[in-house]
Every structure is written in structure tokens, then in C-alpha cells.
>>> print(open('work.cif').read())   # mmCIF, C-alpha atoms and all ligand atoms
data_model
loop_
_atom_site.label_atom_id
_atom_site.label_comp_id
_atom_site.auth_asym_id
_atom_site.auth_seq_id
_atom_site.Cartn_x
_atom_site.Cartn_y
_atom_site.Cartn_z
CA MET A 154 6.61 0.61 54.73
CA ASN A 155 9.66 -1.60 54.35
CA PRO A 156 11.76 -0.01 51.56
CA SER A 157 13.59 -3.27 50.92
CA ALA A 158 10.29 -4.74 49.75
CA ARG A 159 10.82 -3.01 46.42
CA ALA A 160 13.39 -3.36 43.65
CA TYR A 161 12.99 -0.09 41.79
CA VAL A 162 13.35 -0.08 38.01
CA PRO A 163 14.74 2.92 36.07
CA PHE A 164 11.72 4.42 34.30
CA VAL A 165 11.46 6.89 31.40
CA SER A 166 8.08 8.60 31.14
CA VAL A 167 6.97 10.48 28.01
CA ASP A 168 7.88 13.71 29.81
CA ALA A 169 11.36 12.40 30.70
CA MET A 170 11.92 11.20 27.11
CA MET A 171 11.06 14.66 25.78
CA GLY A 172 13.39 16.23 28.34
CA LEU A 173 16.22 13.87 27.39
CA VAL A 174 15.79 14.58 23.65
CA HIS A 175 15.84 18.35 24.25
CA ARG A 176 18.85 18.14 26.57
CA ILE A 177 20.88 16.08 24.05
CA GLY A 178 19.45 17.65 20.86
CA LEU A 179 17.17 15.93 18.33
CA THR A 180 19.79 15.47 15.59
CA GLN A 181 22.33 14.10 18.10
CA VAL A 182 19.72 11.61 19.37
CA LEU A 183 18.92 10.46 15.83
CA THR A 184 22.59 10.06 14.89
CA GLY A 185 23.29 8.41 18.25
CA ILE A 186 20.52 5.84 17.78
CA ALA A 187 21.69 5.22 14.19
CA ASP A 188 25.22 4.55 15.51
CA TYR A 189 23.87 2.07 18.09
CA ILE A 190 21.76 0.31 15.41
CA GLN A 191 24.76 0.07 13.08
CA ALA A 192 26.92 -1.36 15.90
CA ASP A 193 24.26 -3.98 16.72
CA PHE A 194 23.65 -4.86 13.03
CA LEU A 195 27.40 -5.51 12.72
CA ARG A 196 27.07 -8.27 15.36
CA TRP A 197 23.79 -9.60 13.92
CA PRO A 198 24.61 -13.35 14.36
CA GLN A 199 24.89 -12.85 18.17
CA PHE A 200 21.17 -12.04 18.50
CA ASP A 201 18.19 -14.31 19.14
CA LYS A 202 15.83 -13.50 16.29
CA THR A 203 12.18 -14.27 15.68
CA PRO A 204 9.42 -12.63 13.64
CA ARG A 205 7.36 -10.50 15.99
CA VAL A 206 4.30 -12.05 17.62
CA ALA A 207 1.24 -10.36 16.16
CA ALA A 208 -2.41 -10.36 17.29
CA HIS A 209 -4.50 -9.16 14.36
CA SER A 210 -7.99 -7.68 14.49
CA PRO A 211 -10.15 -6.08 11.79
CA GLU A 212 -8.92 -2.57 12.69
CA GLY A 213 -5.29 -3.18 13.55
CA VAL A 214 -2.60 -5.21 15.18
CA ILE A 215 -0.91 -5.56 18.59
CA GLU A 216 2.64 -6.90 18.52
CA LEU A 217 5.39 -8.08 20.86
CA MET A 218 8.96 -7.73 19.62
CA PRO A 219 11.58 -9.67 21.63
CA THR A 220 15.31 -10.15 21.13
CA SER A 221 18.48 -10.78 23.15
CA ASP A 222 22.24 -10.67 22.62
CA GLY A 223 22.84 -13.08 25.52
CA LYS A 224 23.64 -10.24 27.96
CA LEU A 225 20.59 -7.99 27.57
CA TYR A 226 17.03 -8.96 26.70
CA ALA A 227 14.54 -6.49 25.19
CA PHE A 228 10.93 -6.41 24.14
CA LYS A 229 8.60 -3.79 22.77
CA TYR A 230 4.82 -3.72 22.92
CA VAL A 231 3.48 -1.84 19.90
CA ASN A 232 0.17 -1.46 18.10
CA GLY A 233 -0.87 -0.25 14.66
CA HIS A 234 -4.43 1.03 14.34
CA PRO A 235 -4.79 3.39 11.33
CA LYS A 236 -8.33 4.42 12.36
CA ASN A 237 -7.17 5.65 15.80
CA MET A 238 -6.32 9.07 14.36
CA LYS A 239 -10.01 9.84 13.74
CA ASN A 240 -10.63 9.28 17.47
CA GLY A 241 -7.78 11.56 18.50
CA MET A 242 -5.38 8.69 19.29
CA GLN A 243 -1.99 7.75 17.90
CA THR A 244 -1.92 5.11 15.14
CA VAL A 245 1.23 3.65 16.74
CA MET A 246 1.74 3.50 20.55
CA ALA A 247 4.52 1.64 22.30
CA PHE A 248 6.46 0.94 25.45
CA GLY A 249 9.39 -1.36 26.05
CA LEU A 250 11.77 -2.97 28.47
CA LEU A 251 15.42 -3.93 28.73
CA ALA A 252 16.49 -6.66 31.17
CA ASP A 253 19.67 -8.29 32.47
CA VAL A 254 19.87 -11.85 31.07
CA ASP A 255 21.94 -13.10 34.04
CA ASN A 256 19.21 -12.52 36.63
CA GLY A 257 16.14 -11.51 34.63
CA ALA A 258 15.85 -8.15 36.36
CA PRO A 259 14.50 -5.28 34.23
CA VAL A 260 17.08 -2.48 33.95
CA LEU A 261 14.91 -0.01 32.00
CA LEU A 262 11.20 0.49 31.37
CA THR A 263 10.35 3.27 28.95
CA GLU A 264 7.74 4.92 26.81
CA MET A 265 8.42 3.98 23.18
CA THR A 266 5.87 5.93 21.14
CA LEU A 267 8.37 8.76 20.71
CA LEU A 268 11.29 6.33 20.77
CA THR A 269 9.75 4.27 17.94
CA ALA A 270 9.43 7.38 15.76
CA LEU A 271 13.07 8.25 16.56
CA ARG A 272 14.42 4.75 15.91
CA THR A 273 12.34 4.25 12.74
CA ALA A 274 13.67 7.52 11.34
CA ALA A 275 17.24 6.68 12.40
CA MET A 276 16.95 3.21 10.82
CA SER A 277 15.48 4.60 7.57
CA ALA A 278 18.22 7.21 7.24
CA LEU A 279 20.94 4.70 8.13
CA ALA A 280 19.65 2.32 5.42
CA ALA A 281 19.57 5.20 2.93
CA ARG A 282 23.14 6.16 3.83
CA HIS A 283 24.15 2.67 2.65
CA LEU A 284 21.79 2.44 -0.35
CA ALA A 285 20.85 5.84 -1.79
CA ARG A 286 23.05 7.69 -4.27
CA PRO A 287 25.63 9.65 -2.25
CA ASP A 288 24.59 12.87 -4.05
CA ALA A 289 20.90 12.47 -3.00
CA ARG A 290 19.68 15.83 -1.59
CA CYS A 291 15.90 15.89 -2.13
CA MET A 292 13.36 13.57 -0.47
CA ALA A 293 9.61 13.23 -1.04
CA ILE A 294 7.52 12.11 1.94
CA ILE A 295 4.12 10.61 1.13
CA GLY A 296 2.05 10.43 4.34
CA ASN A 297 2.64 13.34 6.70
CA GLY A 298 1.44 11.84 10.00
CA ALA A 299 3.25 11.19 13.27
CA GLN A 300 6.41 9.69 11.71
CA CYS A 301 6.91 12.31 8.98
CA GLU A 302 8.99 15.08 10.58
CA PHE A 303 11.24 12.56 12.39
CA GLN A 304 12.04 11.05 8.99
CA ALA A 305 12.79 14.45 7.47
CA VAL A 306 15.16 15.51 10.26
CA ALA A 307 16.92 12.12 10.37
CA PHE A 308 17.59 12.19 6.61
CA GLN A 309 18.92 15.73 6.95
CA ALA A 310 21.24 14.74 9.80
CA ILE A 311 22.39 11.34 8.50
CA CYS A 312 22.19 11.59 4.68
CA GLY A 313 22.60 15.32 4.00
CA ILE A 314 19.09 15.81 2.57
CA ASP A 315 18.39 19.54 2.24
CA ALA A 316 14.93 19.59 0.59
CA VAL A 317 11.71 17.71 1.37
CA ARG A 318 8.53 17.59 -0.72
CA LEU A 319 5.42 16.66 1.27
CA TYR A 320 2.14 15.07 0.22
CA ASP A 321 -0.76 13.62 2.22
CA ILE A 322 -4.37 12.95 1.22
CA ASP A 323 -5.25 15.14 4.20
CA PRO A 324 -3.92 18.69 3.57
CA ALA A 325 -4.09 19.38 7.34
CA ALA A 326 -1.37 16.75 7.89
CA THR A 327 0.90 18.42 5.32
CA ALA A 328 0.22 21.88 6.84
CA LYS A 329 1.17 20.51 10.29
CA ALA A 330 4.45 19.06 8.95
CA MET A 331 5.23 22.32 7.09
CA ARG A 332 4.83 24.24 10.38
CA ASN A 333 6.88 21.76 12.41
CA LEU A 334 9.77 21.71 9.94
CA GLN A 335 10.19 25.49 9.92
CA GLY A 336 13.54 26.41 11.40
CA THR A 337 15.18 23.06 10.60
CA GLY A 338 17.09 24.52 7.64
CA LEU A 339 15.29 22.14 5.25
CA ARG A 340 13.65 23.61 2.13
CA VAL A 341 10.11 22.27 2.51
CA THR A 342 7.52 22.20 -0.29
CA SER A 343 3.84 21.31 0.07
CA CYS A 344 2.59 19.29 -2.91
CA ASN A 345 -0.89 18.53 -4.22
CA SER A 346 -0.28 15.03 -5.55
CA VAL A 347 2.14 12.10 -5.40
CA GLU A 348 3.29 12.99 -8.95
CA GLU A 349 4.18 16.53 -7.87
CA ALA A 350 5.91 15.33 -4.68
CA VAL A 351 8.19 12.79 -6.38
CA GLU A 352 9.26 15.23 -9.12
CA GLY A 353 13.01 15.74 -8.80
CA ALA A 354 13.22 13.60 -5.62
CA ASP A 355 16.28 11.35 -5.15
CA ILE A 356 14.61 9.49 -2.27
CA VAL A 357 10.92 8.74 -1.69
CA THR A 358 9.67 7.83 1.77
CA THR A 359 6.19 6.33 1.98
CA CYS A 360 4.73 6.42 5.50
CA THR A 361 0.99 6.23 5.06
CA ALA A 362 -1.35 4.29 7.33
CA ASP A 363 -4.21 2.27 5.88
CA LYS A 364 -5.03 -1.35 6.59
CA ALA A 365 -5.15 -2.18 2.89
CA ASN A 366 -3.09 -3.23 -0.08
CA ALA A 367 -2.80 0.40 -1.14
CA THR A 368 -0.92 1.65 -4.18
CA ILE A 369 0.75 4.82 -2.98
CA LEU A 370 3.49 4.57 -5.61
CA THR A 371 3.10 3.11 -9.10
CA ASP A 372 5.85 2.18 -11.51
CA ASN A 373 5.63 5.46 -13.45
CA HIS A 374 6.52 7.42 -10.27
CA VAL A 375 9.87 5.64 -10.06
CA GLY A 376 12.76 6.93 -12.15
CA ALA A 377 16.29 5.54 -12.52
CA GLY A 378 18.53 5.99 -9.49
CA LEU A 379 15.70 6.44 -6.96
CA HIS A 380 15.94 5.10 -3.39
CA ILE A 381 12.58 4.13 -1.89
CA ASN A 382 12.18 4.04 1.89
CA ALA A 383 8.89 2.13 2.31
CA VAL A 384 7.87 2.49 5.96
CA GLY A 385 4.07 2.19 6.07
CA GLY A 386 3.60 -1.34 4.71
CA ASP A 387 4.28 -3.37 7.83
CA CYS A 388 1.48 -5.89 8.27
CA PRO A 389 -0.16 -8.71 6.29
CA GLY A 390 -2.61 -7.06 3.87
CA LYS A 391 -1.04 -3.58 4.43
CA THR A 392 1.29 -2.51 1.60
CA GLU A 393 2.08 0.72 -0.26
CA LEU A 394 3.91 -0.13 -3.48
CA HIS A 395 2.72 -1.54 -6.79
CA ARG A 396 4.25 -4.96 -7.41
CA ASP A 397 5.88 -3.77 -10.66
CA ILE A 398 8.19 -1.52 -8.59
CA LEU A 399 9.37 -4.50 -6.55
CA GLU A 400 10.28 -6.38 -9.70
CA ARG A 401 12.46 -3.48 -10.93
CA ALA A 402 14.20 -2.76 -7.62
CA GLN A 403 17.09 -4.16 -5.63
CA ILE A 404 15.28 -5.07 -2.39
CA PHE A 405 16.89 -4.75 1.06
CA VAL A 406 15.23 -5.97 4.25
CA GLU A 407 15.84 -6.22 8.00
CA TYR A 408 14.97 -9.84 8.89
CA PRO A 409 13.58 -11.85 5.93
CA PRO A 410 11.31 -14.24 7.94
CA GLN A 411 9.44 -11.20 9.34
CA THR A 412 9.53 -9.05 6.19
CA ARG A 413 8.15 -11.85 4.01
CA ILE A 414 5.05 -11.85 6.28
CA GLU A 415 4.70 -8.09 6.78
CA GLY A 416 6.60 -6.10 4.16
CA GLU A 417 6.06 -5.09 0.57
CA ILE A 418 7.58 -8.44 -0.44
CA GLN A 419 4.50 -10.27 0.88
CA GLN A 420 3.33 -9.57 -2.71
CA LEU A 421 6.18 -11.72 -4.11
CA PRO A 422 6.90 -15.48 -4.05
CA GLU A 423 8.39 -16.74 -0.76
CA ASP A 424 11.80 -17.45 -2.29
CA TYR A 425 12.14 -14.12 -4.13
CA PRO A 426 15.74 -12.92 -3.67
CA VAL A 427 16.28 -10.09 -1.21
CA THR A 428 19.39 -8.79 0.57
CA GLU A 429 19.70 -8.46 4.34
CA LEU A 430 20.79 -4.97 5.26
CA TRP A 431 23.22 -6.10 7.96
CA GLU A 432 25.23 -7.95 5.31
CA VAL A 433 25.58 -4.75 3.29
CA MET A 434 26.71 -2.91 6.44
CA ALA A 435 29.24 -5.67 7.14
CA GLY A 436 30.59 -5.40 3.58
CA ASP A 437 29.55 -9.01 2.79
CA ARG A 438 26.94 -8.10 0.14
CA THR A 439 26.72 -5.37 -2.48
CA GLY A 440 24.39 -2.47 -1.83
CA ARG A 441 23.42 -0.21 -4.72
CA ARG A 442 24.60 -1.77 -7.99
CA ASP A 443 25.10 1.50 -9.86
CA GLU A 444 23.75 5.04 -9.95
CA ARG A 445 20.77 4.10 -12.16
CA ALA A 446 19.65 1.20 -9.95
CA ILE A 447 16.41 1.49 -7.96
CA THR A 448 17.01 0.55 -4.34
CA LEU A 449 14.17 -0.28 -1.97
CA PHE A 450 14.41 -0.50 1.81
CA ASP A 451 11.33 -2.60 2.63
CA SER A 452 11.14 -1.43 6.26
CA VAL A 453 8.86 -3.17 8.74
CA GLY A 454 10.71 -2.42 11.99
CA PHE A 455 12.70 -5.20 13.66
CA ALA A 456 13.31 -5.99 17.35
CA ILE A 457 17.10 -5.38 17.17
CA GLU A 458 16.43 -1.71 16.26
CA ASP A 459 14.38 -1.34 19.45
CA PHE A 460 17.07 -3.16 21.43
CA SER A 461 19.60 -0.60 20.11
CA ALA A 462 17.31 2.34 20.89
CA LEU A 463 16.70 1.02 24.43
CA ARG A 464 20.44 0.57 24.95
CA TYR A 465 21.06 4.12 23.74
CA ILE A 466 18.43 5.59 26.10
CA LYS A 467 19.76 3.58 29.06
CA ASP A 468 23.29 4.88 28.45
CA GLN A 469 22.07 8.48 28.07
CA MET A 470 19.98 8.22 31.27
CA GLN A 471 23.02 6.98 33.17
CA ALA A 472 25.30 9.67 31.69
CA ALA A 473 22.78 12.39 32.61
CA GLY A 474 22.27 10.92 36.11
CA ILE A 475 18.51 10.72 35.60
CA GLU A 476 17.04 8.71 38.43
CA ALA A 477 13.29 8.17 37.91
CA GLN A 478 12.49 4.84 39.49
CA LEU A 479 9.34 2.78 39.14
CA ASP A 480 7.96 0.66 41.96
CA LEU A 481 7.52 -2.34 39.65
CA LEU A 482 9.06 -5.41 41.29
CA ALA A 483 8.08 -7.01 44.59
CA ASP A 484 11.28 -7.86 46.48
CA PRO A 485 10.76 -9.07 50.08
CA ASP A 486 13.82 -9.35 52.40
CA ASP A 487 13.36 -13.11 52.32
CA PRO A 488 12.72 -13.87 48.64
CA ARG A 489 10.55 -16.85 49.63
CA ASP A 490 8.33 -14.71 51.85
CA LEU A 491 6.25 -12.98 49.19
CA PHE A 492 3.05 -13.82 51.11
CA GLY A 493 4.49 -12.38 54.33
CA MET A 494 5.32 -9.13 52.54
CA LEU A 495 1.68 -8.80 51.50
CA GLN A 496 0.48 -9.64 55.03
CA ARG A 497 2.74 -7.06 56.68
CA ALA A 498 1.38 -4.35 54.36
CA ALA A 499 -2.20 -4.99 55.61
CA PRO A 500 -2.41 -2.53 58.55
CA GLU A 501 -1.42 0.56 56.60
CA ARG A 502 -3.35 -0.50 53.46
CA ALA A 503 -6.59 -1.22 55.36
CA ALA A 504 -6.52 2.23 57.01
P1 LIG B 601 -0.36 8.40 11.10
O1 LIG B 601 -1.71 7.79 11.15
O2 LIG B 601 0.01 9.42 12.13
O3 LIG B 601 -0.10 9.08 9.66
C1 LIG B 601 -0.40 8.44 8.47
C2 LIG B 601 -0.70 9.51 7.41
O4 LIG B 601 -0.87 8.86 6.16
C3 LIG B 601 -1.97 10.32 7.70
O5 LIG B 601 -1.67 11.69 7.75
C4 LIG B 601 -2.88 9.94 6.53
O6 LIG B 601 -3.72 11.05 6.12
C5 LIG B 601 -1.86 9.59 5.45
N1 LIG B 601 -2.38 8.77 4.37
C6 LIG B 601 -3.20 7.67 4.46
N2 LIG B 601 -3.43 7.19 3.22
C7 LIG B 601 -2.76 7.97 2.34
C8 LIG B 601 -2.60 7.97 0.93
N3 LIG B 601 -3.24 7.07 0.16
N4 LIG B 601 -1.82 8.91 0.36
C9 LIG B 601 -1.19 9.85 1.12
N5 LIG B 601 -1.30 9.91 2.46
C10 LIG B 601 -2.08 8.98 3.08
O7 LIG B 601 0.67 7.17 11.15
P2 LIG B 601 2.24 7.21 11.50
O8 LIG B 601 2.45 6.99 12.95
O9 LIG B 601 2.87 8.37 10.83
O10 LIG B 601 2.70 5.86 10.77
C11 LIG B 601 2.73 5.80 9.37
C12 LIG B 601 2.86 4.35 8.93
O11 LIG B 601 4.17 3.88 9.29
C13 LIG B 601 1.88 3.40 9.62
O12 LIG B 601 1.36 2.53 8.63
C14 LIG B 601 2.71 2.65 10.64
O13 LIG B 601 2.21 1.37 10.88
C15 LIG B 601 4.06 2.61 9.94
N6 LIG B 601 5.22 2.48 10.82
C16 LIG B 601 6.23 1.68 10.39
C17 LIG B 601 7.38 1.56 11.16
C18 LIG B 601 8.51 0.74 10.65
O14 LIG B 601 9.48 0.49 11.39
N7 LIG B 601 8.49 0.34 9.42
C19 LIG B 601 7.48 2.23 12.39
C20 LIG B 601 6.44 3.07 12.78
C21 LIG B 601 5.30 3.19 11.98
#
>>> encode(input="work.cif", output="C-alpha cells")
Amino acid sequence: MNPSARAYVPFVSVDAMMGLVHRIGLTQVLTGIADYIQADFLRWPQFDKTPRVAAHSPEGVIELMPTSDGKLYAFKYVNGHPKNMKNGMQTVMAFGLLADVDNGAPVLLTEMTLLTALRTAAMSALAARHLARPDARCMAIIGNGAQCEFQAVAFQAICGIDAVRLYDIDPAATAKAMRNLQGTGLRVTSCNSVEEAVEGADIVTTCTADKANATILTDNHVGAGLHINAVGGDCPGKTELHRDILERAQIFVEYPPQTRIEGEIQQLPEDYPVTELWEVMAGDRTGRRDERAITLFDSVGFAIEDFSALRYIKDQMQAAGIEAQLDLLADPDDPRDLFGMLQRAAPERAA
């Protein structure tokens, strides 16, 4: 076989991603991704931005999330199918790619199911570092599925949270999260209701999965000074918060044209005032007004966060000298002789 007939692409399998996270350390990966996201949010105007392209079906959604800073291009393929869990599958599965804008060549192809959980947690904690009260130490997590423990550890590493209070309609999910969070140093409490979970919490993270306008939190759950990290409402017709909460809160979003379609604010008029998080990071807009304000990060997940996570993984792969290569791109010696490359492969392939 002619080796020059391939242009190998650096590839990160699920196994390699797990190896990389263990080699670097989970908290270092979460803080590292948060640093890359912050750096990219600070140069927000340089990016091509578009709401993600979504294909909806009765049970879920499949989405493509592209962006570019003019030097690198990235996209993620991701789904959201809340009923998958019952069939032993992930609700959210993803993979993604980073490419060189100058020649279009992919420079990284990677699993992103784990990476999405890592970047979502890093993004949530980064937003909370800018918006929650600085003395926040206790977080409630409603919905204890795949994202839950990543959120807990990211808030511990990035915001100094030392206690988490867990609730899920399925006690098995809470028991799983309790087991997984042993040894993290977090004080973890299993709760029997949303009311019990939010008691004494400075931050509430909602990360439930249901393709419905659910009401996970109502107004009476929300006391003065709370920061709400609303992660699970990320699709038209899929929300978690009662509208009354939105009307009491200062609302912060990633990219308004996408969040108005997918986030909690789909419940509000199209011109309802919201603040873009990157402007708070840049010091151009005020974050939390005062210690009694209710702040809401209406998270839906935006392409620039995946771009940052992909950039982080590429840099770590290079630093660690990891060399997995995928035979992805046909590259004949004569670029015009693609047909000839196929023809020359016939004898060995027919055997
Ligand atoms: P998952 O299916 O693994 O877990 C969801 C959990 O929510 C389950 O344990 C389920 O029992 C629980 N749940 C459902 N309804 C509930 C209710 N009424 N009260 C309490 N618990 C309830 O899903 P996941 O991978 O953890 O994702 C959670 C949500 O986060 C999904 O909706 C997903 O689409 C969303 N998500 C958002 C982002 C983002 O960037 N904003 C990124 C990833 C995932």
C-alpha cells in the first residue's frame, strides 16, 4: 500500500480521552478548559457565530455546532434524546472536529461525549465564578444523570463549592452520584425532594432531561441571592424553570440568537433584556447587581465552548506526545489522481 495515499488525522478515542484526563487530573482539565473558554470569550467578536443547526424529531434532536476564529474551524455533532437512558444509551452523545482554515485540513477528530460533559461543567462553573455570590459554598443539583458529577467537581475546583445536595426523581441516579463523589472532599447529601435539596443552597444547578416544558424549580424555591445554573433546558419545548423565576432574575446567556430559541428565555418575549456573558467577562456589562439579586445562567451550550475544549485537547495531546492517527483523508501523490489511487488499490483489495 502506498503510505502517501493517506493524510492521517490526529484522533482521540474515548479510551484516549479517559487516559488524557487521568494523566492530567480531572480538576486540572476542568480548570484548563475553563481558562481556554474564558480566553476565547474575551475575543468573542473575532468568531463566526450562528445558532446551531437542529434536526428535531418527536423523541429528540440532532445538532451541528460550527464556529471559526479565522484560523481554526470547529464543529460538534451532538444529540439529545432523553428516552435513550431507558434503552441503556446516553441521552447526549457527541464527536467533533478542529480544522485549519488556511487549507481545510482537519487537525483533530475526537470523541466529545466525555468532552461535552467536561466543557459544560467548566462553562457552568466559569459563569458562576462571575455571577454567584463570592461566598457561595453549597450547591443543589437537581437531575443526577451523566452531567451531574462533572458539575459538582467543576464547581468545587472553580468556585470553591464544598457541599452538594442531590435530588433526582430516580433514587438510583442519586445513589450513583453519591458513590461517584466519594473521595472528592465534597460533603454530599442525598435529598428526597427539590424543596429539601435547595434548602440552604447558594447555587442551584438544574440538569434534568425531559422533552417537555417541565417545572423543576418554582418561584418559592428561589430565595434572595441565589445563583441558578439552568443546564437542562436546551431545546424548543424543553425548559426547566417556571416563568416567574425568569421575571425576578438577572438573566445571562451565551449567544442570544440561539438561547432565545432553545433556552429558558424561549418563554419570554423576543426582545426581553438579557446580558451576554462574554460582556461581563470583558468588564463591559455588570454581572450580579448586589448580594440579594437572583442571577440565572440560562445555559444551552454554544459552539465557541466546544471550539475552546477542542483547542485545549489538541494542545494537551501535543504536549503529551500522543500520536493516535486516523486514516480519514484520501491523499494521492498526484492530488488530481484520486481515481488512480482507487484503481491501484484493486489487486490487494480484491484478494
Ligand atoms: P441524563 O439523561 O443522563 O440525566 C438526566 C437526569 O434527570 C436523569 O437521572 C433523570 O432521572 C433526571 N430527571 C428527569 N426529570 C426529572 C425531574 N422532573 N426532577 C428531577 N430529576 C429529573 O442526561 P444528562 O446527560 O445528565 O443531561 C442532562 C440535561 O442537560 C439534558 O437535558 C441535556 O440535554 C442537557 N445538557 C445541556 C448542556 C448545555 O450545555 N447546556 C450540555 C449537555 C447536556
>>> atom_distance(input="work.cif", atom1="CA of Ala456 in chain A", atom2="CA of Leu251 in chain A")
11.8 Å
>>> closest_residue(input="work.cif", among="A:Met292, A:Ala330, A:Leu261, A:Leu399", to="ligand LIG 601 (chain B)", atoms="only C-alpha atoms and all ligand atoms")
A:Ala330
>>> atom_distance(input="work.cif", atom1="CA of Leu217 in chain A", atom2="CA of Pro422 in chain A")
26.0 Å
>>> residues_near_ligand(input="work.cif", ligand="ligand LIG 601 (chain B)", cutoff="7 Å", atoms="all atoms listed in the file", output="PyMOL selection string")
chain A and resi 233+235+238+243-245+269-270+273+295-301+320-323+326+360-363+367+369+384-387+452-455
>>> closest_residue(input="work.cif", among="A:Asp397, A:Asp490, A:Glu501, A:Glu352", to="Leu379 in chain A", atoms="only C-alpha atoms")
A:Glu352
>>> decode(input="work.cif", residues="range 346-371 of chain A", atoms="C-alpha atoms", output="PDB file, in the first residue's frame")
ATOM      1  CA  SER A 346     -37.367  16.414  47.154  1.00  0.00           C
ATOM      2  CA  VAL A 347     -36.454  19.613  45.324  1.00  0.00           C
ATOM      3  CA  GLU A 348     -37.515  21.584  48.442  1.00  0.00           C
ATOM      4  CA  GLU A 349     -35.082  19.627  50.615  1.00  0.00           C
ATOM      5  CA  ALA A 350     -32.254  19.911  48.065  1.00  0.00           C
ATOM      6  CA  VAL A 351     -32.460  23.700  47.650  1.00  0.00           C
ATOM      7  CA  GLU A 352     -32.590  24.337  51.416  1.00  0.00           C
ATOM      8  CA  GLY A 353     -29.516  26.369  52.339  1.00  0.00           C
ATOM      9  CA  ALA A 354     -28.095  26.192  48.782  1.00  0.00           C
ATOM     10  CA  ASP A 355     -26.302  29.267  47.390  1.00  0.00           C
ATOM     11  CA  ILE A 356     -26.338  27.839  43.861  1.00  0.00           C
ATOM     12  CA  VAL A 357     -28.889  25.546  42.205  1.00  0.00           C
ATOM     13  CA  THR A 358     -27.962  23.560  39.108  1.00  0.00           C
ATOM     14  CA  THR A 359     -30.825  22.020  37.158  1.00  0.00           C
ATOM     15  CA  CYS A 360     -29.695  19.299  34.735  1.00  0.00           C
ATOM     16  CA  THR A 361     -32.729  17.145  34.131  1.00  0.00           C
ATOM     17  CA  ALA A 362     -33.650  15.601  30.788  1.00  0.00           C
ATOM     18  CA  ASP A 363     -37.251  15.580  29.601  1.00  0.00           C
ATOM     19  CA  LYS A 364     -38.551  16.761  26.256  1.00  0.00           C
ATOM     20  CA  ALA A 365     -41.170  18.948  27.919  1.00  0.00           C
ATOM     21  CA  ASN A 366     -41.837  22.361  29.381  1.00  0.00           C
ATOM     22  CA  ALA A 367     -41.127  20.980  32.846  1.00  0.00           C
ATOM     23  CA  THR A 368     -41.234  22.981  36.063  1.00  0.00           C
ATOM     24  CA  ILE A 369     -38.280  21.696  38.033  1.00  0.00           C
ATOM     25  CA  LEU A 370     -37.989  24.918  40.032  1.00  0.00           C
ATOM     26  CA  THR A 371     -40.877  27.191  41.027  1.00  0.00           C
TER      27      THR A 371
END
